[in-house]
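Reproduced below: target10.json, with JSON, C-alpha atoms.
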[["chain", "number", "residue", "atom", "x", "y", "z"],
["A", 1, "MET", "CA", -10.83, -36.01, -75.49],
["A", 2, "VAL", "CA", -10.46, -32.36, -76.45],
["A", 3, "SER", "CA", -13.50, -30.52, -77.70],
["A", 4, "GLN", "CA", -13.88, -26.92, -78.76],
["A", 5, "SER", "CA", -17.20, -25.17, -78.44],
["A", 6, "THR", "CA", -18.68, -23.22, -81.31],
["A", 7, "ALA", "CA", -18.78, -19.46, -81.22],
["A", 8, "THR", "CA", -22.02, -17.98, -79.96],
["A", 9, "SER", "CA", -21.02, -14.42, -80.79],
["A", 10, "ALA", "CA", -18.05, -12.49, -82.14],
["A", 11, "SER", "CA", -15.90, -14.09, -79.46],
["A", 12, "ASP", "CA", -14.89, -17.76, -79.59],
["A", 13, "LEU", "CA", -15.24, -19.48, -76.25],
["A", 14, "ILE", "CA", -13.24, -22.64, -75.68],
["A", 15, "LYS", "CA", -14.10, -25.61, -73.52],
["A", 16, "PHE", "CA", -11.69, -28.54, -73.23],
["A", 17, "VAL", "CA", -12.01, -31.77, -71.34],
["A", 18, "MET", "CA", -8.55, -33.23, -70.67],
["A", 19, "LEU", "CA", -8.23, -36.92, -69.87],
["A", 20, "ASP", "CA", -4.62, -37.70, -70.79],
["A", 21, "GLY", "CA", -1.23, -36.04, -71.17],
["A", 22, "GLU", "CA", -1.81, -35.22, -74.83],
["A", 23, "ASP", "CA", -5.09, -33.45, -74.03],
["A", 24, "LEU", "CA", -3.40, -31.56, -71.19],
["A", 25, "ALA", "CA", -0.59, -30.43, -73.52],
["A", 26, "ILE", "CA", -3.19, -28.80, -75.77],
["A", 27, "GLY", "CA", -4.86, -27.17, -72.77],
["A", 28, "SER", "CA", -1.45, -26.00, -71.55],
["A", 29, "THR", "CA", -0.90, -24.21, -74.84],
["A", 30, "HIS", "CA", -4.10, -22.23, -74.32],
["A", 31, "LEU", "CA", -3.12, -21.51, -70.71],
["A", 32, "GLN", "CA", 0.41, -20.26, -71.42],
["A", 33, "ASP", "CA", 0.82, -16.83, -69.85],
["A", 34, "ALA", "CA", -2.48, -16.95, -67.98],
["A", 35, "VAL", "CA", -2.47, -14.61, -64.98],
["A", 36, "VAL", "CA", -3.66, -16.06, -61.67],
["A", 37, "LYS", "CA", -4.17, -14.46, -58.26],
["A", 38, "THR", "CA", -3.61, -16.71, -55.27],
["A", 39, "ALA", "CA", -7.15, -15.84, -54.13],
["A", 40, "ASP", "CA", -8.34, -17.65, -57.27],
["A", 41, "LEU", "CA", -6.65, -20.94, -56.30],
["A", 42, "ILE", "CA", -9.47, -22.92, -54.69],
["A", 43, "TRP", "CA", -8.45, -26.27, -53.19],
["A", 44, "LEU", "CA", -11.40, -28.40, -52.03],
["A", 45, "PRO", "CA", -9.81, -31.51, -50.46],
["A", 46, "ARG", "CA", -13.08, -33.10, -49.34],
["A", 47, "GLU", "CA", -14.34, -32.92, -52.93],
["A", 48, "LYS", "CA", -10.94, -33.94, -54.34],
["A", 49, "ARG", "CA", -11.07, -30.86, -56.57],
["A", 50, "LEU", "CA", -8.88, -27.88, -57.45],
["A", 51, "VAL", "CA", -10.46, -24.95, -59.26],
["A", 52, "ILE", "CA", -8.40, -22.05, -60.59],
["A", 53, "GLY", "CA", -9.77, -18.81, -61.99],
["A", 54, "VAL", "CA", -7.42, -17.43, -64.65],
["A", 55, "ASN", "CA", -7.16, -14.51, -67.03],
["A", 56, "ARG", "CA", -5.81, -16.38, -70.04],
["A", 57, "PHE", "CA", -4.03, -14.70, -72.92],
["A", 58, "ASP", "CA", -5.93, -15.36, -76.16],
["A", 59, "TRP", "CA", -3.12, -16.76, -78.33],
["A", 60, "GLU", "CA", -5.51, -17.49, -81.22],
["A", 61, "SER", "CA", -6.23, -13.77, -81.62],
["A", 62, "ALA", "CA", -2.57, -12.82, -81.22],
["A", 63, "VAL", "CA", -1.55, -14.81, -84.30],
["A", 64, "ALA", "CA", -4.53, -13.68, -86.42],
["A", 65, "GLU", "CA", -4.27, -11.01, -89.09],
["A", 66, "PRO", "CA", -4.43, -8.30, -87.85],
["A", 67, "PRO", "CA", -3.21, -9.47, -84.44],
["A", 68, "LEU", "CA", -5.36, -8.67, -81.42],
["A", 69, "PHE", "CA", -3.92, -8.78, -77.92],
["A", 70, "ARG", "CA", -6.61, -9.77, -75.48],
["A", 71, "ARG", "CA", -7.38, -11.82, -72.40],
["A", 72, "ARG", "CA", -10.46, -13.62, -71.21],
["A", 73, "ARG", "CA", -11.63, -15.04, -67.91],
["A", 74, "ALA", "CA", -11.54, -18.84, -67.74],
["A", 75, "ALA", "CA", -11.81, -21.62, -65.20],
["A", 76, "LEU", "CA", -9.42, -24.54, -64.92],
["A", 77, "ARG", "CA", -10.75, -27.49, -62.91],
["A", 78, "PHE", "CA", -9.05, -30.69, -61.78],
["A", 79, "GLU", "CA", -11.06, -33.60, -60.36],
["A", 80, "ARG", "CA", -9.90, -36.68, -58.39],
["A", 81, "VAL", "CA", -7.11, -34.73, -56.73],
["A", 82, "LEU", "CA", -5.63, -36.59, -53.76],
["A", 83, "GLY", "CA", -3.12, -33.92, -52.75],
["A", 84, "CYS", "CA", -2.02, -30.40, -53.60],
["A", 85, "GLN", "CA", 1.43, -28.97, -52.79],
["A", 86, "SER", "CA", 2.79, -25.53, -53.58],
["A", 87, "ARG", "CA", 6.25, -23.99, -53.92],
["A", 88, "GLY", "CA", 6.95, -20.27, -54.09],
["A", 89, "ILE", "CA", 3.28, -19.34, -53.66],
["A", 90, "ASP", "CA", 2.28, -17.25, -50.65],
["A", 91, "LEU", "CA", -1.24, -18.53, -49.99],
["A", 92, "ALA", "CA", -1.61, -15.98, -47.17],
["A", 93, "SER", "CA", -1.27, -13.20, -49.76],
["A", 94, "PRO", "CA", -4.49, -13.30, -51.83],
["A", 95, "ASP", "CA", -3.29, -10.55, -54.20],
["A", 96, "GLN", "CA", -0.08, -12.34, -55.23],
["A", 97, "VAL", "CA", -0.11, -12.54, -59.04],
["A", 98, "LEU", "CA", 1.26, -15.63, -60.76],
["A", 99, "ASN", "CA", 2.06, -16.09, -64.45],
["A", 100, "LEU", "CA", 1.28, -19.64, -65.59],
["A", 101, "LEU", "CA", 3.88, -21.00, -68.00],
["A", 102, "ALA", "CA", 2.90, -24.66, -68.44],
["A", 103, "VAL", "CA", 0.76, -27.53, -67.18],
["A", 104, "GLU", "CA", 2.15, -31.07, -67.43],
["A", 105, "PHE", "CA", 1.05, -34.59, -66.48],
["A", 106, "ALA", "CA", 3.42, -37.39, -65.46],
["A", 107, "GLU", "CA", 1.88, -40.82, -65.04],
["A", 108, "THR", "CA", 3.13, -42.71, -61.98],
["A", 109, "ASP", "CA", 0.97, -45.84, -61.77],
["A", 110, "ASN", "CA", -1.57, -45.97, -64.58],
["A", 111, "PRO", "CA", -3.93, -44.11, -64.46],
["A", 112, "SER", "CA", -2.66, -42.08, -61.47],
["A", 113, "GLY", "CA", 0.05, -39.46, -61.67],
["A", 114, "THR", "CA", 1.10, -35.92, -60.92],
["A", 115, "VAL", "CA", 0.05, -32.69, -62.56],
["A", 116, "THR", "CA", 2.54, -29.83, -62.33],
["A", 117, "LEU", "CA", 1.53, -26.23, -62.91],
["A", 118, "THR", "CA", 4.69, -24.19, -63.47],
["A", 119, "PHE", "CA", 4.62, -20.43, -62.90],
["A", 120, "SER", "CA", 7.27, -17.81, -63.63],
["A", 121, "GLY", "CA", 9.79, -17.13, -60.89],
["A", 122, "GLY", "CA", 10.03, -20.81, -59.92],
["A", 123, "ALA", "CA", 6.59, -21.07, -58.32],
["A", 124, "ALA", "CA", 4.66, -24.30, -58.85],
["A", 125, "LEU", "CA", 1.67, -26.39, -57.83],
["A", 126, "ARG", "CA", 1.93, -30.17, -57.82],
["A", 127, "LEU", "CA", -1.24, -32.24, -57.76],
["A", 128, "THR", "CA", -1.37, -35.94, -57.00],
["A", 129, "VAL", "CA", -4.31, -37.33, -58.98],
["A", 130, "GLU", "CA", -6.13, -40.66, -59.10],
["A", 131, "CYS", "CA", -6.35, -40.12, -62.84],
["A", 132, "LEU", "CA", -6.24, -37.09, -65.10],
["A", 133, "GLU", "CA", -9.65, -35.44, -65.27],
["A", 134, "ALA", "CA", -9.55, -31.73, -66.02],
["A", 135, "GLU", "CA", -11.52, -29.04, -67.80],
["A", 136, "LEU", "CA", -10.67, -25.61, -69.18],
["A", 137, "ALA", "CA", -13.63, -23.36, -69.98],
["A", 138, "ASP", "CA", -13.83, -19.73, -71.02],
["A", 139, "LEU", "CA", -16.33, -17.83, -68.89],
["A", 140, "GLY", "CA", -17.07, -14.74, -70.92],
["A", 141, "PRO", "CA", -16.02, -12.13, -73.43],
["A", 142, "ALA", "CA", -12.45, -11.04, -74.08],
["A", 143, "TRP", "CA", -10.96, -7.65, -73.30],
["A", 144, "THR", "CA", -8.02, -6.00, -75.00],
["A", 145, "CYS", "CA", -4.62, -5.74, -73.38],
["A", 146, "ALA", "CA", -1.63, -3.63, -74.35],
["A", 147, "HIS", "CA", 1.01, -6.29, -74.94],
["A", 148, "ARG", "CA", 1.62, -9.83, -76.09],
["A", 149, "PRO", "CA", 3.54, -11.85, -73.45],
["A", 150, "ASP", "CA", 7.18, -12.33, -74.37],
["A", 151, "HIS", "CA", 9.82, -14.50, -72.72],
["A", 152, "PRO", "CA", 13.59, -14.51, -73.08],
["A", 153, "VAL", "CA", 14.86, -17.72, -74.71],
["A", 154, "GLU", "CA", 16.51, -18.83, -71.44],
["A", 155, "GLN", "CA", 13.26, -18.59, -69.47],
["A", 156, "THR", "CA", 11.32, -20.57, -72.08],
["A", 157, "ALA", "CA", 13.99, -23.29, -72.16],
["A", 158, "THR", "CA", 13.86, -23.81, -68.39],
["A", 159, "ALA", "CA", 10.09, -23.73, -68.18]]

Could you rewrite the structure in this file as structure tokens?
Amino acid sequence: MVSQSTATSASDLIKFVMLDGEDLAIGSTHLQDAVVKTADLIWLPREKRLVIGVNRFDWESAVAEPPLFRRRRAALRFERVLGCQSRGIDLASPDQVLNLLAVEFAETDNPSGTVTLTFSGGAALRLTVECLEAELADLGPAWTCAHRPDHPVEQTATA
């Protein structure tokens, strides 16, 4: 169930609820090239929740005429998370910057499965979930940035 909020000002804020792989694929598109600091990865095992603060690239503005390159602060939240594993992420280094490439869901035993967040450089988070229950919400206004993210064809193909 994907829903988009209406604009309350000149900026369009998005808010998606993601309950299946198709919903998550749409959310992943909006999250491509989001920048994440390890300090903004908040795993709350007792609450079965993972919250991630991201600076997402605003792809909607980048393809508009004239194109605008900008980012906005957003929160990505996963509920019903039974486990969280990381690869290539130094959790002891809060200033490590990660570039999010994709978020995918693989069902294992309906409705449970795994969510994989793939970052550049081979880093990843893998979540074991009871079921897919996630939300992506913009938190405020956008700011301009100098460049549009660009990936070599080989990197995109392996992501």

Exercise. Restricting the calculation to all atoms listed in the file, which member of A:Gln96, A:Ser120, A:Asn110, A:Thr128 is positioned closest to Pro45 (chain A)?
Worked result: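 Checking each candidate against Pro45 (chain A), we get A:Thr128 as the closest.
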
Exercise. In Å, how far is it from CA of Asn99 (chain A) to CA of Thr118 (chain A)?
Worked result: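 So the two atoms, CA of Asn99 (chain A) and CA of Thr118 (chain A), lie 8.6 Å apart.
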
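Across the model, the gap from CA of Glu65 (chain A) to CA of Glu22 (chain A) is 28.2 Å.
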
Problem set entry | Selected residue of minimal separation from Gln85 (chain A) among A:Val129, A:Leu98, A:Arg56, A:Ala62, counting all atoms listed in the file |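 Ranked by minimum distance to Gln85 (chain A), first place goes to A:Val129.
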
For this session: Would you kindly return, as JSON, numbers by chain, each protein, DNA or RNA residue with an atom no farther than 12 Å from any atom of region 142-146 of chain A, considering all atoms listed in the file and excluding same-chain residues fewer than 6 positions away?
Result: {"A": [9, 10, 11, 12, 13, 14, 55, 56, 57, 58, 59, 60, 61, 62, 67, 68, 69, 70, 71, 72, 73, 74]}

Problem set entry | Shell around Asp20 (chain A) at 10 Å using all atoms listed in the file, local window under 6 positions removed, as a list in words |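 Using all atoms listed in the file, the neighbours found are Met1, Val2, Phe105, Ala106, Glu107, Pro111, Cys131, Leu132, Glu133 and Ala134 of chain A.
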
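Shortest atom-to-atom contact with Leu41 (chain A) among A:Leu91, A:Ala64, A:Val103, A:Ala124: A:Leu91, counting only C-alpha atoms.
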
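Between Gly88 (chain A) and the residues A:Phe16, A:Glu130, A:Gly121, A:Pro66, the shortest atom-to-atom distance, using all atoms listed in the file, involves A:Gly121.
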
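Interatomic distance, CA of Ser93 (chain A) to CA of Leu136 (chain A): 24.9 Å.
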
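Distance check against Leu50 (chain A) using all atoms listed in the file: of A:Pro149, A:Gly21, A:Pro141, A:Gly83, the minimum falls on A:Gly83.
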
For this session: Could you give me, as a ChimeraX atom specification, the residues that have an atom at most 10 Å away from the point (-3.5, -16.7, -59.1) in the coordinates of the file, using all atoms listed in the file?
Result: /A:34-42,52-55,89,91,94-100,119

Problem set entry | Residue nearest Glu135 (chain A) among A:Glu47, A:Asp109, A:Asp150, A:Asp23 (counting all atoms listed in the file) |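 Smallest separation from Glu135 (chain A) among the options: A:Asp23.
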
Exercise. Val51 (chain A): which residues within 9 Å, counting only C-alpha atoms, same-chain residues fewer than 4 positions away excluded, as a list in words?
Worked result: Asp40, Leu41, Ile42, Trp43, Leu44, Ala75, Leu76, Arg77, Phe78 and Glu79 of chain A
